[in-house]
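upload28.cif (mmCIF, C-alpha atoms and all ligand atoms)
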```cif
data_coords
#
loop_
_atom_site.group_PDB
_atom_site.id
_atom_site.type_symbol
_atom_site.label_atom_id
_atom_site.label_comp_id
_atom_site.auth_asym_id
_atom_site.auth_seq_id
_atom_site.Cartn_x
_atom_site.Cartn_y
_atom_site.Cartn_z
ATOM 1 C CA MET A 340 0.000 0.000 0.000
ATOM 2 C CA LYS A 341 1.357 3.380 -0.968
ATOM 3 C CA TYR A 342 1.393 6.167 1.594
ATOM 4 C CA PRO A 343 -0.999 8.942 0.452
ATOM 5 C CA GLU A 344 0.614 11.692 -1.603
ATOM 6 C CA PHE A 345 -0.285 14.408 0.871
ATOM 7 C CA ASP A 346 0.435 17.731 -0.793
ATOM 8 C CA GLY A 347 -0.457 20.187 1.942
ATOM 9 C CA THR A 348 -4.083 20.554 0.889
ATOM 10 C CA GLN A 349 -5.394 17.934 3.312
ATOM 11 C CA ASN A 350 -7.840 19.467 5.776
ATOM 12 C CA CYS A 351 -5.808 18.507 8.835
ATOM 13 C CA VAL A 352 -2.575 20.097 7.681
ATOM 14 C CA ASN A 353 -2.670 22.771 10.405
ATOM 15 C CA ALA A 354 -4.947 20.965 12.847
ATOM 16 C CA ASP A 355 -4.068 20.205 16.436
ATOM 17 C CA VAL A 356 -3.006 16.566 16.245
ATOM 18 C CA GLU A 357 -4.613 15.933 19.646
ATOM 19 C CA ILE A 358 -8.091 15.912 18.107
ATOM 20 C CA PHE A 359 -7.098 12.663 16.345
ATOM 21 C CA PHE A 360 -5.755 10.659 19.278
ATOM 22 C CA TYR A 361 -6.739 9.444 22.720
ATOM 23 C CA GLU A 362 -4.834 11.113 25.522
ATOM 24 C CA ASP A 363 -4.482 8.305 28.060
ATOM 25 C CA TRP A 364 -3.651 4.675 27.525
ATOM 26 C CA GLU A 365 -3.334 1.479 29.477
ATOM 27 C CA GLY A 366 -1.489 -1.679 28.567
ATOM 28 C CA GLU A 367 1.528 0.142 27.097
ATOM 29 C CA GLY A 368 4.190 -2.333 26.034
ATOM 30 C CA THR A 369 1.896 -5.338 26.363
ATOM 31 C CA GLY A 370 0.884 -5.454 22.721
ATOM 32 C CA ALA A 371 -2.682 -4.664 23.753
ATOM 33 C CA ARG A 372 -2.635 -0.914 24.257
ATOM 34 C CA ARG A 373 -6.090 0.581 24.670
ATOM 35 C CA PRO A 374 -7.498 3.988 25.598
ATOM 36 C CA LYS A 375 -8.354 4.617 29.236
ATOM 37 C CA ASN A 376 -11.217 6.969 28.478
ATOM 38 C CA LYS A 377 -13.737 7.594 25.754
ATOM 39 C CA LYS A 378 -13.135 10.555 23.467
ATOM 40 C CA ASP A 379 -15.387 12.620 21.255
ATOM 41 C CA PHE A 380 -13.927 12.571 17.713
ATOM 42 C CA THR A 381 -16.641 14.803 16.236
ATOM 43 C CA ALA A 382 -14.208 17.594 15.313
ATOM 44 C CA ALA A 383 -11.951 15.127 13.493
ATOM 45 C CA LYS A 384 -14.907 13.488 11.777
ATOM 46 C CA ILE A 385 -16.140 16.837 10.463
ATOM 47 C CA MET A 386 -12.648 17.761 9.271
ATOM 48 C CA CYS A 387 -12.195 14.485 7.394
ATOM 49 C CA SER A 388 -15.654 14.555 5.834
ATOM 50 C CA THR A 389 -14.691 17.242 3.323
ATOM 51 C CA CYS A 390 -11.008 16.385 2.923
ATOM 52 C CA PRO A 391 -9.746 15.778 -0.626
ATOM 53 C CA PHE A 392 -7.611 12.926 0.761
ATOM 54 C CA LEU A 393 -10.407 11.090 2.523
ATOM 55 C CA GLU A 394 -10.285 7.924 0.395
ATOM 56 C CA PRO A 395 -6.507 7.380 0.175
ATOM 57 C CA CYS A 396 -6.118 8.328 3.815
ATOM 58 C CA PHE A 397 -8.797 5.857 4.857
ATOM 59 C CA LEU A 398 -7.338 3.045 2.726
ATOM 60 C CA TRP A 399 -3.871 3.647 4.086
ATOM 61 C CA ALA A 400 -5.127 3.667 7.669
ATOM 62 C CA LEU A 401 -7.243 0.566 7.166
ATOM 63 C CA HIS A 402 -4.109 -1.387 6.290
ATOM 64 C CA HIS A 403 -1.428 0.397 8.266
ATOM 65 C CA GLU A 404 -2.669 2.537 11.158
ATOM 66 C CA ARG A 405 -3.731 0.932 14.416
ATOM 67 C CA TYR A 406 -4.038 4.129 16.392
ATOM 68 C CA GLY A 407 -5.688 7.461 15.922
ATOM 69 C CA PHE A 408 -8.462 8.897 13.812
ATOM 70 C CA TRP A 409 -7.626 8.610 10.090
ATOM 71 C CA GLY A 410 -9.663 8.982 6.945
ATOM 72 C CA GLY A 411 -12.918 9.529 8.787
ATOM 73 C CA THR A 412 -12.585 6.449 10.995
ATOM 74 C CA THR A 413 -11.680 5.679 14.581
ATOM 75 C CA GLU A 414 -9.142 2.992 15.373
ATOM 76 C CA GLU A 415 -11.951 0.809 16.712
ATOM 77 C CA GLU A 416 -13.939 1.156 13.480
ATOM 78 C CA ARG A 417 -10.899 0.171 11.396
ATOM 79 C CA ALA A 418 -10.122 -2.797 13.643
ATOM 80 C CA LYS A 419 -13.685 -4.015 13.189
ATOM 81 C CA MET A 420 -13.502 -3.534 9.398
ATOM 82 C CA ARG A 421 -10.247 -5.539 9.273
ATOM 83 C CA THR A 422 -11.924 -8.384 11.119
ATOM 84 C CA VAL A 423 -15.085 -8.327 9.017
ATOM 85 C CA LYS A 424 -13.240 -7.987 5.693
ATOM 86 C CA GLY A 425 -10.338 -10.255 6.590
ATOM 87 C CA ILE A 426 -7.769 -7.501 6.102
ATOM 88 C CA GLU A 427 -4.435 -7.988 7.791
ATOM 89 C CA TYR A 428 -2.827 -5.048 9.576
ATOM 90 C CA VAL A 429 0.669 -4.484 8.182
ATOM 91 C CA ASN A 430 3.211 -2.480 10.142
ATOM 92 C CA PRO A 431 4.045 0.418 7.783
ATOM 93 C CA LEU A 432 7.739 0.066 8.553
ATOM 94 C CA LYS A 433 7.587 -3.412 7.049
ATOM 95 C CA ASP A 434 5.763 -2.273 3.917
ATOM 96 C CA SER A 435 8.279 -2.107 1.081
ATOM 97 C CA LEU A 436 6.563 0.747 -0.796
ATOM 98 C CA TYR A 437 6.375 2.850 2.333
ATOM 99 C CA VAL A 438 10.002 2.154 3.262
ATOM 100 C CA LYS A 439 11.102 3.007 -0.277
ATOM 101 C CA ARG A 440 9.250 6.315 -0.095
ATOM 102 C CA LYS A 441 10.597 7.204 3.338
ATOM 103 C CA ASN A 442 14.169 6.437 2.245
ATOM 104 C CA ARG A 443 14.105 8.742 -0.743
HETATM 105 S S1 LIG A 501 -8.983 12.382 5.703
HETATM 106 FE FE1 LIG A 501 -8.811 13.322 7.721
HETATM 107 S S2 LIG A 501 -6.943 12.484 8.677
HETATM 108 FE FE2 LIG A 501 -6.880 12.033 6.461
HETATM 109 S S3 LIG A 501 -5.707 13.713 5.572
HETATM 110 FE FE3 LIG A 501 -7.873 14.292 5.457
HETATM 111 S S4 LIG A 501 -8.327 15.463 7.304
HETATM 112 FE FE4 LIG A 501 -6.364 14.404 7.610
#
```
Go ahead and express the file in the form of structure tokens.
Ligand code: SF4
Amino acid sequence: MKYPEFDGTQNCVNADVEIFFYEDWEGEGTGARRPKNKKDFTAAKIMCSTCPFLEPCFLWALHHERYGFWGGTTEEERAKMRTVKGIEYVNPLKDSLYVKRKNR
């Protein structure tokens, strides 16, 4: 999967990154990290809904992002979609296309 060609026109380019992630976690380092508290991702959802990168961002995140709000979806929604659709999560650092891009 190719990392989206973000060109600076994505809606979140100047957004506070905190609107996309939970603040507190439990289970760090156990391989089963999960948020301690619920979070309202409405602001992120609204931002993504009109973003020109919504589709590539979502597809990337579905395959490669376990954490955070990406492409209009929460991490829980993507985890559920992976299970239902039989999609395997692939660590982006082990994805050859991504590594090639990052090493340029
Ligand atoms: S879809 Fe959302 S997370 Fe992805 S680039 Fe656009 S605003 Fe950012």
What gap, in Å, lies between atom CA of A:Ala382 and atom CA of A:Asn430? 27.1 Å
When the PyMOL selection byres (((chain A and resi 386) around 12) and not hetatm) is applied to the structure above, which residues does it catch, written out as a count of residues only? 28
Which centre and edge lengths in Å to one decimal define the box along x, y and z that fits every listed atom of ligand LIG 501 (chain A) plus 3 Å per side, as lines of an AutoDock Vina configuration file?
```
center_x = -7.3
center_y = 13.7
center_z = 7.1
size_x = 9.3
size_y = 9.4
size_z = 9.2
```
Between atom S3 of ligand LIG 501 (chain A) and atom CA of A:Ala400, distance in Å (one decimal):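 Answer for the atom S3 of ligand LIG 501 (chain A) to atom CA of A:Ala400 separation: 10.3 Å.
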Have a look at A:Asp363, A:Glu414, A:Glu394, A:Glu357 and name the one nearest to ligand LIG 501 (chain A); count all atoms listed in the file.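 Of A:Asp363, A:Glu414, A:Glu394, A:Glu357, the one nearest ligand LIG 501 (chain A), counting all atoms listed in the file, is A:Glu394.
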Quick one: distance from atom CA of A:Glu362 to atom CA of A:Arg421 in Å, one decimal? 23.9 Å
Ground truth for the PyMOL selection byres (((chain A and resi 373) around 10) and not hetatm), written as a VMD selection string: chain A and resid 361 363 to 367 370 to 372 374 to 376 406 415
Starting from the shown file, work through the PyMOL selection byres (((chain A and resi 429) around 12) and not hetatm) and note down what comes out as a VMD selection string. chain A and resid 340 399 to 405 421 426 to 428 430 to 437
Nearest residue to ligand LIG 501 (chain A) out of A:Gly407, A:Lys377, A:Gly368, A:Lys424, using all atoms listed in the file?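 Selected residue with least distance to ligand LIG 501 (chain A): A:Gly407.
Checking A:Asp346, A:Phe397, A:Lys341, A:Phe360 one by one against ligand LIG 501 (chain A), counting all atoms listed in the file, you find the shortest gap at A:Phe397.
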Would you mind telling me which residue in A:Met420, A:Asp379, A:Tyr342, A:Thr369 lies nearest to ligand LIG 501 (chain A) when using only C-alpha atoms and all ligand atoms?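 Looking at the shortest contact to ligand LIG 501 (chain A), the residue is A:Tyr342.
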Any chance you could model N, CA and C atoms for stretch 372-403 of chain A and send them as a JSON list (two decimals), keeping the file's coordinate frame?
```
[["chain", "number", "residue", "atom", "x", "y", "z"],
["A", 372, "ARG", "N", -2.39, -2.27, 23.79],
["A", 372, "ARG", "CA", -2.64, -0.91, 24.26],
["A", 372, "ARG", "C", -4.06, -0.49, 23.95],
["A", 373, "ARG", "N", -4.72, 0.11, 24.91],
["A", 373, "ARG", "CA", -6.09, 0.58, 24.67],
["A", 373, "ARG", "C", -6.32, 1.88, 25.44],
["A", 374, "PRO", "N", -7.25, 2.71, 24.93],
["A", 374, "PRO", "CA", -7.50, 3.99, 25.60],
["A", 374, "PRO", "C", -8.15, 3.80, 26.96],
["A", 375, "LYS", "N", -7.77, 4.68, 27.89],
["A", 375, "LYS", "CA", -8.35, 4.62, 29.24],
["A", 375, "LYS", "C", -9.74, 5.22, 29.28],
["A", 376, "ASN", "N", -9.95, 6.25, 28.46],
["A", 376, "ASN", "CA", -11.22, 6.97, 28.48],
["A", 376, "ASN", "C", -11.80, 7.09, 27.08],
["A", 377, "LYS", "N", -13.09, 7.33, 27.04],
["A", 377, "LYS", "CA", -13.74, 7.59, 25.75],
["A", 377, "LYS", "C", -13.33, 9.00, 25.30],
["A", 378, "LYS", "N", -13.45, 9.23, 23.99],
["A", 378, "LYS", "CA", -13.14, 10.56, 23.47],
["A", 378, "LYS", "C", -14.13, 10.89, 22.37],
["A", 379, "ASP", "N", -14.48, 12.16, 22.30],
["A", 379, "ASP", "CA", -15.39, 12.62, 21.26],
["A", 379, "ASP", "C", -14.56, 13.03, 20.03],
["A", 380, "PHE", "N", -14.69, 12.29, 18.93],
["A", 380, "PHE", "CA", -13.93, 12.57, 17.71],
["A", 380, "PHE", "C", -14.73, 13.37, 16.69],
["A", 381, "THR", "N", -15.78, 14.06, 17.16],
["A", 381, "THR", "CA", -16.64, 14.80, 16.24],
["A", 381, "THR", "C", -15.86, 15.82, 15.41],
["A", 382, "ALA", "N", -14.96, 16.56, 16.05],
["A", 382, "ALA", "CA", -14.21, 17.59, 15.31],
["A", 382, "ALA", "C", -13.38, 16.95, 14.21],
["A", 383, "ALA", "N", -12.76, 15.82, 14.50],
["A", 383, "ALA", "CA", -11.95, 15.13, 13.49],
["A", 383, "ALA", "C", -12.84, 14.59, 12.37],
["A", 384, "LYS", "N", -13.99, 14.06, 12.77],
["A", 384, "LYS", "CA", -14.91, 13.49, 11.78],
["A", 384, "LYS", "C", -15.38, 14.56, 10.80],
["A", 385, "ILE", "N", -15.70, 15.72, 11.32],
["A", 385, "ILE", "CA", -16.14, 16.84, 10.46],
["A", 385, "ILE", "C", -15.01, 17.26, 9.53],
["A", 386, "MET", "N", -13.80, 17.34, 10.08],
["A", 386, "MET", "CA", -12.65, 17.76, 9.27],
["A", 386, "MET", "C", -12.41, 16.78, 8.13],
["A", 387, "CYS", "N", -12.45, 15.50, 8.42],
["A", 387, "CYS", "CA", -12.20, 14.48, 7.39],
["A", 387, "CYS", "C", -13.30, 14.45, 6.33],
["A", 388, "SER", "N", -14.51, 14.76, 6.73],
["A", 388, "SER", "CA", -15.65, 14.56, 5.83],
["A", 388, "SER", "C", -15.55, 15.34, 4.53],
["A", 389, "THR", "N", -14.82, 16.44, 4.55],
["A", 389, "THR", "CA", -14.69, 17.24, 3.32],
["A", 389, "THR", "C", -13.25, 17.26, 2.80],
["A", 390, "CYS", "N", -12.42, 16.38, 3.30],
["A", 390, "CYS", "CA", -11.01, 16.39, 2.92],
["A", 390, "CYS", "C", -10.81, 15.74, 1.55],
["A", 391, "PRO", "N", -10.01, 16.37, 0.69],
["A", 391, "PRO", "CA", -9.75, 15.78, -0.63],
["A", 391, "PRO", "C", -8.95, 14.46, -0.55],
["A", 392, "PHE", "N", -8.39, 14.16, 0.61],
["A", 392, "PHE", "CA", -7.61, 12.93, 0.76],
["A", 392, "PHE", "C", -8.36, 11.85, 1.53],
["A", 393, "LEU", "N", -9.64, 12.02, 1.69],
["A", 393, "LEU", "CA", -10.41, 11.09, 2.52],
["A", 393, "LEU", "C", -10.21, 9.63, 2.10],
["A", 394, "GLU", "N", -10.37, 9.32, 0.82],
["A", 394, "GLU", "CA", -10.28, 7.92, 0.40],
["A", 394, "GLU", "C", -8.87, 7.34, 0.55],
["A", 395, "PRO", "N", -7.83, 7.98, -0.01],
["A", 395, "PRO", "CA", -6.51, 7.38, 0.18],
["A", 395, "PRO", "C", -6.07, 7.33, 1.63],
["A", 396, "CYS", "N", -6.47, 8.31, 2.40],
["A", 396, "CYS", "CA", -6.12, 8.33, 3.82],
["A", 396, "CYS", "C", -6.79, 7.17, 4.53],
["A", 397, "PHE", "N", -8.07, 6.96, 4.24],
["A", 397, "PHE", "CA", -8.80, 5.86, 4.86],
["A", 397, "PHE", "C", -8.18, 4.51, 4.47],
["A", 398, "LEU", "N", -7.89, 4.33, 3.18],
["A", 398, "LEU", "CA", -7.34, 3.04, 2.73],
["A", 398, "LEU", "C", -5.98, 2.77, 3.36],
["A", 399, "TRP", "N", -5.17, 3.80, 3.44],
["A", 399, "TRP", "CA", -3.87, 3.65, 4.09],
["A", 399, "TRP", "C", -4.06, 3.21, 5.54],
["A", 400, "ALA", "N", -4.92, 3.94, 6.25],
["A", 400, "ALA", "CA", -5.13, 3.67, 7.67],
["A", 400, "ALA", "C", -5.74, 2.29, 7.89],
["A", 401, "LEU", "N", -6.62, 1.88, 7.02],
["A", 401, "LEU", "CA", -7.24, 0.57, 7.17],
["A", 401, "LEU", "C", -6.17, -0.53, 7.19],
["A", 402, "HIS", "N", -5.15, -0.37, 6.39],
["A", 402, "HIS", "CA", -4.11, -1.39, 6.29],
["A", 402, "HIS", "C", -2.94, -1.15, 7.24],
["A", 403, "HIS", "N", -2.70, 0.11, 7.59],
["A", 403, "HIS", "CA", -1.43, 0.40, 8.27],
["A", 403, "HIS", "C", -1.48, 1.22, 9.54]]
```
